[in-house]
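As provided, upload_20.csv (CSV, C-alpha atoms) reads as follows.
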chain,number,residue,atom,x,y,z
A,1447,MET,CA,-143.3,-91.6,132.2
A,1448,ASN,CA,-144.4,-94.0,129.6
A,1449,ILE,CA,-143.4,-97.7,129.8
A,1450,VAL,CA,-142.2,-97.6,126.2
A,1451,THR,CA,-139.6,-95.0,127.0
A,1452,LEU,CA,-138.3,-97.1,130.0
A,1453,LEU,CA,-138.2,-100.4,128.1
A,1454,PRO,CA,-134.7,-99.8,126.4
A,1455,PHE,CA,-133.2,-99.0,129.8
A,1456,ILE,CA,-134.7,-102.1,131.4
A,1457,VAL,CA,-133.4,-104.3,128.7
A,1458,LEU,CA,-130.0,-102.7,128.9
A,1459,ILE,CA,-129.8,-103.2,132.7
A,1460,GLY,CA,-131.0,-106.8,132.3
A,1461,ALA,CA,-128.3,-107.6,129.7
A,1462,MET,CA,-125.6,-106.1,131.9
A,1463,PHE,CA,-126.8,-108.2,134.9
A,1464,LEU,CA,-126.6,-111.4,132.8
A,1465,MET,CA,-123.2,-110.6,131.5
A,1466,THR,CA,-121.7,-109.8,134.9
A,1467,ARG,CA,-123.3,-112.9,136.4
A,1468,SER,CA,-121.7,-115.2,133.7
A,1469,ALA,CA,-118.3,-113.5,134.1
A,1470,LYS,CA,-118.5,-113.9,137.9
A,1471,ARG,CA,-119.4,-117.6,137.5
A,1472,LYS,CA,-116.3,-118.1,135.2
A,1473,GLN,CA,-114.1,-116.4,137.8
A,1474,THR,CA,-115.3,-118.6,140.6
A,1475,GLN,CA,-114.8,-121.8,138.5
A,1476,ALA,CA,-111.2,-120.7,137.6
A,1477,ALA,CA,-110.5,-120.0,141.3
A,1478,GLN,CA,-111.9,-123.3,142.3
A,1479,MET,CA,-109.8,-125.1,139.6
A,1480,ARG,CA,-106.6,-123.3,140.9
A,1481,ASN,CA,-107.4,-124.2,144.6
A,1482,GLU,CA,-107.9,-127.9,143.7
A,1483,MET,CA,-104.5,-128.2,142.0
A,1484,GLN,CA,-102.4,-131.1,143.4
A,1485,PRO,CA,-98.7,-131.8,143.0
A,1486,GLY,CA,-98.1,-133.9,139.9
A,1487,ALA,CA,-100.8,-132.4,137.8
A,1488,GLY,CA,-100.1,-131.0,134.4
A,1489,VAL,CA,-100.9,-127.3,133.9
A,1490,ARG,CA,-100.9,-124.7,131.1
A,1491,THR,CA,-100.0,-121.1,132.2
A,1492,ILE,CA,-101.7,-118.1,130.8
A,1493,GLY,CA,-98.6,-117.5,128.8
A,1494,GLY,CA,-98.9,-120.9,127.1
A,1495,MET,CA,-96.2,-122.8,129.0
A,1496,TYR,CA,-96.8,-126.5,129.9
A,1497,ALA,CA,-95.4,-127.8,133.2
A,1498,THR,CA,-96.0,-130.2,136.0
A,1499,VAL,CA,-97.0,-128.9,139.5
A,1500,LYS,CA,-94.3,-129.6,142.0
A,1501,GLU,CA,-95.6,-127.7,145.0
A,1502,VAL,CA,-98.8,-125.6,145.8
A,1503,ASN,CA,-98.7,-122.7,148.3
A,1504,GLU,CA,-101.4,-120.2,149.3
A,1505,ASP,CA,-100.7,-117.7,146.5
A,1506,THR,CA,-97.9,-119.3,144.5
A,1507,VAL,CA,-97.2,-122.6,142.6
A,1508,LEU,CA,-93.9,-124.2,142.0
A,1509,LEU,CA,-93.8,-125.7,138.5
A,1510,ASP,CA,-91.3,-128.2,137.1
A,1511,ALA,CA,-90.9,-127.1,133.4
A,1512,ALA,CA,-88.0,-129.4,132.6
A,1513,PRO,CA,-85.6,-131.7,134.5
A,1514,GLY,CA,-83.8,-129.4,136.9
A,1515,VAL,CA,-85.9,-126.3,135.9
A,1516,ASP,CA,-88.3,-125.1,138.7
A,1517,LEU,CA,-90.3,-122.0,138.1
A,1518,LEU,CA,-92.3,-120.1,140.7
A,1519,PHE,CA,-95.7,-118.7,139.4
A,1520,ALA,CA,-98.6,-116.9,140.9
A,1521,LYS,CA,-101.7,-119.1,141.2
A,1522,ASN,CA,-103.5,-116.6,139.0
A,1523,ALA,CA,-101.1,-117.3,136.2
A,1524,ILE,CA,-102.3,-120.9,135.8
A,1525,GLY,CA,-104.7,-120.9,132.9
A,1526,ALA,CA,-105.8,-124.6,133.0
A,1527,VAL,CA,-105.3,-127.8,134.9
A,1528,LEU,CA,-105.0,-130.6,132.3
A,1529,THR,CA,-105.9,-134.2,132.5
A,1530,ASP,CA,-103.0,-136.7,132.4
A,1531,ASP,CA,-104.0,-137.9,128.9
A,1532,GLU,CA,-104.2,-134.4,127.5
A,1533,TYR,CA,-100.9,-133.3,129.2
A,1534,ASN,CA,-99.1,-136.4,127.8
A,1535,ARG,CA,-100.5,-135.9,124.4
A,1536,ILE,CA,-99.4,-132.2,124.2
A,1537,VAL,CA,-96.1,-132.3,126.0
A,1538,HIS,CA,-94.7,-135.8,125.3
A,1539,GLY,CA,-96.6,-136.6,122.0
A,1540,ILE,CA,-98.1,-139.7,123.5
A,1541,GLU,CA,-101.5,-140.6,122.0
A,1542,HIS,CA,-103.9,-142.5,124.2
A,1543,ASP,CA,-105.5,-145.2,122.1
A,1544,LEU,CA,-109.2,-144.6,122.4
A,1545,LYS,CA,-110.2,-147.1,119.7
A,1546,SER,CA,-110.0,-150.8,120.5
A,1547,ASP,CA,-110.7,-152.1,117.0
A,1548,GLY,CA,-107.2,-151.2,115.8
A,1549,THR,CA,-108.1,-149.9,112.3
A,1550,VAL,CA,-105.3,-148.0,110.7
A,1551,VAL,CA,-106.1,-144.9,108.6
A,1552,PRO,CA,-103.4,-144.3,105.9
A,1553,ASP,CA,-101.7,-140.9,105.6
A,1554,ASP,CA,-102.1,-140.8,101.9
A,1555,ALA,CA,-104.3,-142.2,99.1
A,1556,SER,CA,-101.8,-144.6,97.7
A,1557,SER,CA,-103.3,-147.6,99.6
A,1558,LEU,CA,-106.7,-146.9,98.0
A,1559,THR,CA,-105.5,-147.6,94.4
A,1560,GLU,CA,-106.0,-151.0,92.8
A,1561,THR,CA,-102.4,-151.4,91.5
A,1562,ASP,CA,-99.3,-152.1,93.5
A,1563,GLU,CA,-97.0,-150.4,91.0
A,1564,PRO,CA,-94.7,-147.6,92.1
A,1565,ALA,CA,-95.9,-144.0,91.5
A,1566,ALA,CA,-93.2,-143.3,88.9
A,1567,ASP,CA,-94.6,-146.1,86.6
A,1568,ALA,CA,-98.1,-144.8,86.9
A,1569,SER,CA,-97.2,-141.3,86.0
A,1570,SER,CA,-95.2,-142.3,83.0
A,1571,GLU,CA,-98.2,-144.2,81.6
A,1572,ALA,CA,-100.4,-141.2,82.1
A,1573,SER,CA,-98.0,-138.9,80.2
A,1574,ASP,CA,-98.1,-141.1,77.1
A,1575,ASP,CA,-101.8,-140.3,76.6
A,1576,LYS,CA,-102.7,-137.3,74.5
A,1577,PRO,CA,-103.2,-134.1,76.5
A,1578,ILE,CA,-106.6,-133.2,77.7
A,1579,ASP,CA,-108.0,-129.7,76.8
A,1580,LEU,CA,-109.9,-128.2,79.7
A,1581,GLY,CA,-111.1,-125.2,77.8
A,1582,LYS,CA,-114.8,-124.3,77.4
A,1583,LYS,CA,-116.0,-125.7,74.1
A,1584,ASP,CA,-119.1,-127.3,72.7
A,1585,ALA,CA,-118.1,-130.5,71.0
A,1586,ALA,CA,-121.1,-130.3,68.7
A,1587,ASP,CA,-120.3,-126.8,67.5
A,1588,GLU,CA,-116.6,-127.4,66.5
A,1589,PRO,CA,-115.1,-130.4,64.9
A,1590,ALA,CA,-112.1,-131.9,66.6
A,1591,ASP,CA,-110.2,-132.3,63.2
A,1592,GLU,CA,-109.7,-128.5,62.7
A,1593,PRO,CA,-106.4,-127.1,63.9
A,1594,ALA,CA,-106.3,-124.7,66.9
A,1595,GLU,CA,-104.7,-121.9,64.8
A,1596,ALA,CA,-107.5,-121.9,62.3
A,1597,LYS,CA,-110.1,-121.6,65.2
A,1598,ALA,CA,-108.2,-118.7,66.6
A,1599,ASP,CA,-108.2,-116.9,63.2
A,1600,GLU,CA,-111.9,-117.3,62.9
A,1601,VAL,CA,-112.5,-115.8,66.3
A,1602,ASP,CA,-110.3,-112.8,65.5
A,1603,GLU,CA,-112.1,-112.1,62.2
A,1604,ALA,CA,-115.6,-112.3,63.8
A,1605,GLU,CA,-115.1,-109.6,66.5
A,1606,PRO,CA,-112.3,-107.0,66.7
A,1607,LYS,CA,-110.4,-106.9,70.0
A,1608,LYS,CA,-111.0,-104.0,72.3
A,1609,THR,CA,-108.3,-102.2,74.2
A,1610,ASP,CA,-108.7,-100.9,77.8
A,1611,GLY,CA,-109.5,-97.3,76.6
A,1612,GLU,CA,-112.3,-98.2,74.2
A,1613,ALA,CA,-115.9,-98.6,75.3
A,1614,ASP,CA,-119.0,-99.5,73.5
A,1615,ALA,CA,-121.0,-96.3,72.8
A,1616,LYS,CA,-124.6,-96.8,72.0
Go ahead and render the structure in this file as structure tokens.
Amino acid sequence: MNIVTLLPFIVLIGAMFLMTRSAKRKQTQAAQMRNEMQPGAGVRTIGGMYATVKEVNEDTVLLDAAPGVDLLFAKNAIGAVLTDDEYNRIVHGIEHDLKSDGTVVPDDASSLTETDEPAADASSEASDDKPIDLGKKDAADEPADEPAEAKADEVDEAEPKKTDGEADAK
């Protein structure tokens, strides 16, 4: 046989080998993580429930989901063991302060404006101005003095409107 005909099969077998090797590595890491669980650690189950490990047995884990609520799970049902900071952030909403400079970022843009006036006063001043036309026009082509109705009449006279059924036949 020619090497060119065997090349696709060799590449396919190599790709399968690499995929199974990476999957096996992930499985061993997950098993190691489950075996290293200690009571008091925060975990997330594969179903998405967050709880604290109360007791670890050979094949099962007793979880404390809420005060007075203990749940028995298989070790394989533990999706991740979380760090204390991550568990507290997710479950209790406690943010760990990573920044020591203490800068505060505002929730809105109101602190970025120059004036200290309330928003109602600022909006009433803006409404007194004349409206802004956002249509596409060339200022040099049409004078601003001409009323809008006259401009619309000129456009209608220049080109008749087409309906959906009509087409340009050339």
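In terms of minimum interatomic distance to Ala1497 of chain A, A:Val1527 ranks closest within A:Ile1540, A:Val1527, A:Asn1481, A:Val1450, counting all atoms listed in the file.
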(request) Return the single residue from A:Ile1456, A:Ala1555, A:Ala1520, A:Met1479 that is closest to Asp1505 of chain A, with distances computed using all atoms listed in the file. (result) A:Ala1520
(request) Take atom CA of Asn1448 of chain A and atom CA of Leu1464 of chain A and report the distance between them in Å, one decimal. (result) 25.1 Å
(request) Please identify all polymer residues lying at most 9 Å from the point (-89.6, -128.6, 138.8) (file coordinates), using all atoms listed in the file, and present the result as a ChimeraX atom specification. (result) /A:1497-1501,1508-1517
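In this structure, atom CA of Tyr1496 of chain A sits 9.5 Å away from atom CA of Leu1528 of chain A.
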(message) I'd like the neighbourhood of Ile1536 of chain A as a list of chain:residue names, where a residue qualifies if any of its atoms comes within 12 Å (using all atoms listed in the file), though same-chain residues fewer than 5 positions away should be ignored.
(response) A:Gly1488, A:Val1489, A:Arg1490, A:Gly1494, A:Met1495, A:Tyr1496, A:Ala1497, A:Leu1528, A:Thr1529, A:Asp1530, A:Asp1531, A:Glu1541, A:His1542
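Between atom CA of Gly1460 of chain A and atom CA of Gln1473 of chain A lies a distance of 20.2 Å.
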(request) Using only C-alpha atoms, determine which residues lie at most 10 Å from Gly1493 of chain A, disregarding the query and same-chain residues fewer than 5 positions distant; provide the list as a list of chain:residue names. (result) A:Ala1523, A:Ile1524, A:Gly1525
